[in-house]
Amino acid sequence: MALMNLIGAINHTLDYEMGRDESVVVFGEDVGLEGGVFRATVGLQEKYGAKRCFDTPIAEAAIVGTAVGMAINGLKPVAEIQFSGFAYPAFNQIISHVARMRNRTRGQRNLPLVIRMPHGGGIKALEHHSESLDTLLGHIPGLKVVTPSTPYDAKGLLLSAIRDEDPVIFLEPSKIYRAFRQEVPEDDYTIPLGKAKVLKQGTDVTVVTWGAYVHEVLKADKILQEEGINAEIIDLRTISPIDGETIIDSVQKTGRFVVIHEAAKSFGPGAELIALVNEGAFLYLEAPPTRLAGFDVTIPLPRGEHHYFLDADRMAAGIRKVVRY
Amino acid sequence: MALMNLIGAINHTLDYEMGRDESVVVFGEDVGLEGGVFRATVGLQEKYGAKRCFDTPIAEAAIVGTAVGMAINGLKPVAEIQFSGFAYPAFNQIISHVARMRNRTRGQRNLPLVIRMPHGGGIKALEHHSESLDTLLGHIPGLKVVTPSTPYDAKGLLLSAIRDEDPVIFLEPSKIYRAFRQEVPEDDYTIPLGKAKVLKQGTDVTVVTWGAYVHEVLKADKILQEEGINAEIIDLRTISPIDGETIIDSVQKTGRFVVIHEAAKSFGPGAELIALVNEGAFLYLEAPPTRLAGFDVTIPLPRGEHHYFLDADRMAAGIRKVVRY
Amino acid sequence: MLVEQYGPLKGQMLQIMDETGFIVQPDLVPDLSDEEWLELYKTMLRTRTADMKALQLQRQGRMLTYAPNTGQEAAQVGSAAAMEKNDWHVPAFRELGAWLHRGVPLETVYLYWYGNEYGSKFPEGVKNLPIAVPIGSQLAHGVGLAMASNIKGERDVTVAYIGDGGTSIGDFSEALNFAGVFEAPIVFIIQNNQYAISVARHKQTKAETLVQKAVAAGIPGILVDGNDLMAMYAATKDAIDRARQGGGPTLIEAYTYRLGAHTTSDDPTKYREDSEVEKWKPKDPIKRMKAYLISRGVWSEEQDEAFQEEYGEYALEVFRKVEAEGEPKVEDLFKYTYKEMPAHIREQYEEYLEYLEGKVE
Amino acid sequence: MLVEQYGPLKGQMLQIMDETGFIVQPDLVPDLSDEEWLELYKTMLRTRTADMKALQLQRQGRMLTYAPNTGQEAAQVGSAAAMEKNDWHVPAFRELGAWLHRGVPLETVYLYWYGNEYGSKFPEGVKNLPIAVPIGSQLAHGVGLAMASNIKGERDVTVAYIGDGGTSIGDFSEALNFAGVFEAPIVFIIQNNQYAISVARHKQTKAETLVQKAVAAGIPGILVDGNDLMAMYAATKDAIDRARQGGGPTLIEAYTYRLGAHTTSDDPTKYREDSEVEKWKPKDPIKRMKAYLISRGVWSEEQDEAFQEEYGEYALEVFRKVEAEGEPKVEDLFKYTYKEMPAHIREQYEEYLEYLEGKVE
Ligand SMILES: Cc1ncc(C[n+]2csc(CCOP(=O)(O)OP(=O)(O)O)c2C)c(N)n1
Ligand SMILES: Cc1ncc(C[n+]2csc(CCOP(=O)(O)OP(=O)(O)O)c2C)c(N)n1
Ligand SMILES: [Mg+2]
Ligand SMILES: [Mg+2]
């Protein structure tokens, strides 16, 4: 066990798995010599050499495209996209190939690869550095999309992702890279992909969120508890495929549903969860399933971002409304 | 008035507007000399010259990127992407710039441009030729996303799109390019963007669809009418921003809701409509709002596509279930 | 090294055999026996014959859209023939000759154009990637394969294809640049057939040659008469050998011509003159190789005709099998999206089966 | 034409003034008066001073992430100075010198780095595009501007910038290729400052020079000492003149050096030796231009110091204004997504206002 923050846990996990499995290779812009702009890959090139951890030219499509080729040729590539907002140039590779190679070849060419990227906002960064790709990636059949909310989860989920035979997009909430430390076991453990985690049992309302917002929701929960509202709180952990069962079970119990996410509201990930809840718990619903989400605008530059991202107060206000409906 | 099919109406409209407004320029792969692989632009280069209608190299990002520059420099570019499945290389331009330039510059740089593309499937084409981008584009603030279902609508909506000061993605259902002819006025008329159209009033269930599926739904409606089911049928016409009002009004009346679309179900456009219906008509709902949608798999190659795309029978079966709930 | 003489900026095109089948550069003729050349020629002929058959079947409405290869057989077979079996082959989508040489069964190829995903699954040991429809996107895969060979310390080389039109898309430049930076053992083959659907080569780029695009990535390149089997073999072999010895990537421009349509969906008379096509017909790669083999006494017109007839019948038979068995099973739709079928897809699958059963009743 | 002597493959770099401020090619000195050179020099000095101030403010936690320009002032000011007012300017993101020359107020620039969208709205008549954060994506905009000038029959030329790292992304090649095909009146300026964040130039591409990438698009190019104001001016002017006369695009590689960090978020000692930086310091573009102007008797060390001091105070004052007024209004968030605010955004806006009011009560 060691105390680690989220970025530290990711660095440790990459190190751990590169040490265990020599087919794991790590690459991307500035990941080699510098160890990544967020230091996720620091020390790996020194330890495993420039053949297994290396800098690439600036070309996201080629980063993902070469990962496809490496995966087919027996490696387990873990590619870094420097920020999720720079994944767009790689969308053709991600959608047209990463997600489809297996289906296209009737299972002949598996792609055991991981694409890691800092995700979400609230870090007072430049334009395009605060993007949420949940829907854009979640909608693509063939991808698994995963996002941890704690250092412990980061290790367990990332190990599962690297060992998975399907391609996994690993979204790292950059806002909480260094937000807090947690005991993380140094040995082997995995957390299954595709399973949500009930963080807190409750009876009055089911609240689903993921990534950095998990911690804000937990704060909101404190406010609500003081008012006697007992929310059930779920960390989605895997955005796709969604763990519908856990959510539906919960809503069947609580009768109320709130989903909270950073991405813009319209056509956002919350819509999918609401549709699922309608399909699986319609007769249990005592209030309209509700989204607390980003406005349908481009994420503002730093001076305006506090209006866009929800804080615990605004979350509590939104949840309260649903409970009082 | 003249009888036109959908592709003919588009060709006529481009011709009409190029004749009226010399700032309109039309370009893309094979649109010049050949007049487009679907013949949407046939005759335009001859008539207006190669400066206003021209072939580009194969480079979708540059096609959209240069359209951005042209729009800023006083033109009204109407760019063609040969198939919607080839829009992915342009996603960075579309998401990072087309959708954001106006907001980024606080209204200083408007982008009055249109990106046209054949959309959807059911045409027994090769891989990537049957894509539905509704969600991927609908989720992006700053874009308007429009899709016509008839030759008449195609002209009215395309004229609105070209004259709009915001960027418009114009999705043309390739399956019905030549499916039928309709009287289309040769003079000027527009159909407002952002408004859905109630195709048929009904009392038992609200059915929303768009594009090529409109005609399949109308067939399904015939089947259902014989059974005494009276559906209200709405053609969404504009995917984003959605005309929530028309849909919610309808569901408040019928109490039941079905959305039918080609795109994969999960995180699909239907999820957004269900969320809207929950927000606006929760207390009116007599059955779970329901999606009849593509499976969560890559759209199959031609020999399997009839399993993927819904026909009138399957639509009728799905609607029937909701009505009988 | 051939690149020294025919490099990207030399303004020279490598030709070993001229249009009449005459050897113009005897010292460059690769060291293959007449029988080996004949075998490669036969693959070219199979390609042409299977192509013709596919077009015929398409006109009958039995085959779907098909992309013919007529005129490009030497560029395809010559380059593939220079590969070892264990090397990786990365096609664009118009490489029938290479597929047949590499051991992709004609049935698989027909199945692909018939519209069934099993057309992209190859027999065990055939190290080919499937067709990549999005132009240019395959080259990075090739570079990745080659980088992996390097990383693993293996000696396999990758050969990856693209069209003239494909050189305009960013993926092309990114792939070449990566290959250069990582000294990837890969050979890029541009099949410059002068057209990208309707767009003529000179409208794709102001560059005088396509091979000069190698300069941007700082890698060697060579311009080759793509209708000359021997030149294609020699140039590719030279590049592969260099790559295998750690010399990094090479770009080859195979200067050829698409004698037919882009695909069965298009009509080339809309955008090019018949006279241009006529000018290229005498350069036909099959014609010249046949003349050569006949001159060497190992082949005859009669054998040629008989071979075509026989293979044509074979191709038809293969296609009949495809027609008989080429409809996918319902489960095929759902089974391959993920390694394990997730709950939501299973649900959709079962619901659909239920619907189908209901319909039958 | 300078490209004839300093073209992409000539292995020559255009320099007019050497590191000491000595004119090494008197016949190439552009026809500007001492006063005009002094004015440009002052813009370089303003750039340096505003940069230093921004860094200082950033360290105080008052400015957010900032990308400094130190060392690249000549590449920026020299190229911008060759433009006419009506020409279009398309930056990457590190072009402070060019902005100041073009009439972008320092306040606007600071507002941008302060994190407010109004930092991308320029005064009427300043034909500049905003910063493009996604590397390389701005070049196609530049080509589009230039194509539109052609289509409309106007004589404006576009000048567009990119970094050395940016030459690796597909957008770069696509833009150059489009520009070539459409003979767009555009000049591409690569500010080769030897680094892309931590990645050294030689790891971006195996190409010996970046300007040789022009060959891929079949367009002219020229390698220039980017720390030489006169050379940058001369090369850009030459290219702009050609473009304005219908001669199409040119690629310029400005060979320079990023003396500072990538942005205030990074620490260059992690990836480069101090000794390398020391080697570049004597090549400082400001140093040499100052020496020249002093030698011409139109400037002095004292004036230089006074100017910096004065401008530094001005910059601080400007920043104070930004601090005082730089918080966006709530309505700014919602107002600019579409020309007319659609119903759903209006609803979100109103709901949020309601929430804010509730909070205050
Ligand atoms: C990204 C992308 N854009 C457009 C298309 C449509 N398309 C299919 S083939 C083709 C032309 C390709 O030309 P070329 O690269 O010369 O290959 P050829 O067809 O001549 O073999 C185009 C534009 C595509 N498949 N992918
Ligand atoms: C598409 C994309 N990928 C990654 C980044 C992150 N990024 C910002 S600046 C930069 C390096 C740019 O280097 P260069 O082009 O040389 O410009 P310089 O910073 O030296 O001015 C990177 C990788 C980005 N902005 N856009
Ligand atoms: Mg071609
Ligand atoms: Mg740089």
# chains A, B, ... in the order shown; residues from 1 in each chain; ligands from 1
>>> residues_near_ligand(ligand="ligand 1", cutoff="6 Å", atoms="only C-alpha atoms and all ligand atoms", output="list in words")
Ile58, Gln82 and Phe86 of chain B; Arg94, Val133, Pro134, Ile135, Ile162, Gly163, Asp164, Gly165, Gly166, Asn193, Tyr195, Ala196, Ile197 and His262 of chain C
>>> residues_around(residues="segment 202-212 of chain C", least_positions_apart="3", cutoff="10 Å", atoms="only C-alpha atoms", output="VMD selection string")
(chain B and resid 55 to 59) or (chain C and resid 7 to 11 164 to 169 189 to 192 194 to 196 199 215 to 217 219 to 224 250 to 255) or (chain D and resid 174 176 to 183 213 to 219)
>>> residues_around(residues="segment 126-143 of chain A", least_positions_apart="6", cutoff="7 Å", atoms="only C-alpha atoms", output="list in words")
Phe83, Ser84, Gly85, Ile95, Ala99, Arg100, His119, Gly120, Pro167, Val168, Ile239, Ser240, Glu262, Ala263, Gly268, Pro269 and Leu301 of chain A; Leu136, Ser266, Phe267, Gly268, Asp296, Val297 and Thr298 of chain B; Thr337 and Tyr338 of chain C; Val133 of chain D
>>> interface_residues(of="chain B", to="chain D", cutoff="6 Å", atoms="only C-alpha atoms", output="VMD selection string")
chain B and resid 51 62 65 to 70 73 103 to 107 142
>>> calpha_fit_rmsd(fixed="chain C", moving="chain D")
0.0 Å
>>> select_by_dssp(residues="segment 110-270 of chain A", states="strand (DSSP E or B)", output="ChimeraX atom specification")
/A:114-119,144-146,168-173,182-184,197-200,205-209,231-235,238-240,257-264
>>> residues_around(residues="Pro192 of chain A", least_positions_apart="6", cutoff="9 Å", atoms="only C-alpha atoms", output="list in words")
Gly156, Leu157, Ser160 and Ala161 of chain A
>>> write_last_selection(atoms="all heavy atoms", output="compact mmCIF listing (two decimals), in the first residue's frame")
# COMPACT_ATOMS: atom_id res chain seq x y z
N GLY A 156 -7.24 -0.07 -10.60
CA GLY A 156 -8.02 -1.27 -10.88
C GLY A 156 -8.65 -1.24 -12.26
O GLY A 156 -8.67 -2.26 -12.97
N LEU A 157 -9.13 -0.09 -12.65
CA LEU A 157 -9.76 0.02 -13.96
C LEU A 157 -8.74 0.04 -15.09
O LEU A 157 -8.94 -0.55 -16.14
CB LEU A 157 -10.64 1.29 -14.02
CG LEU A 157 -11.91 1.27 -13.15
CD1 LEU A 157 -12.53 2.67 -13.06
CD2 LEU A 157 -12.93 0.27 -13.70
N SER A 160 -7.51 -3.42 -15.76
CA SER A 160 -8.53 -4.14 -16.54
C SER A 160 -8.52 -3.69 -17.99
O SER A 160 -8.64 -4.49 -18.91
CB SER A 160 -9.93 -3.88 -15.97
OG SER A 160 -10.07 -4.49 -14.72
N ALA A 161 -8.38 -2.38 -18.18
CA ALA A 161 -8.42 -1.83 -19.54
C ALA A 161 -7.26 -2.36 -20.38
O ALA A 161 -7.44 -2.78 -21.52
CB ALA A 161 -8.38 -0.30 -19.48
>>> closest_residue(among="B:Ile123, B:Ile229, B:Ala87, B:Ile260", to="chain A", atoms="only C-alpha atoms")
B:Ala87
>>> residues_around(residues="His306 of chain A", least_positions_apart="5", cutoff="10 Å", atoms="only C-alpha atoms", output="count of residues only")
5
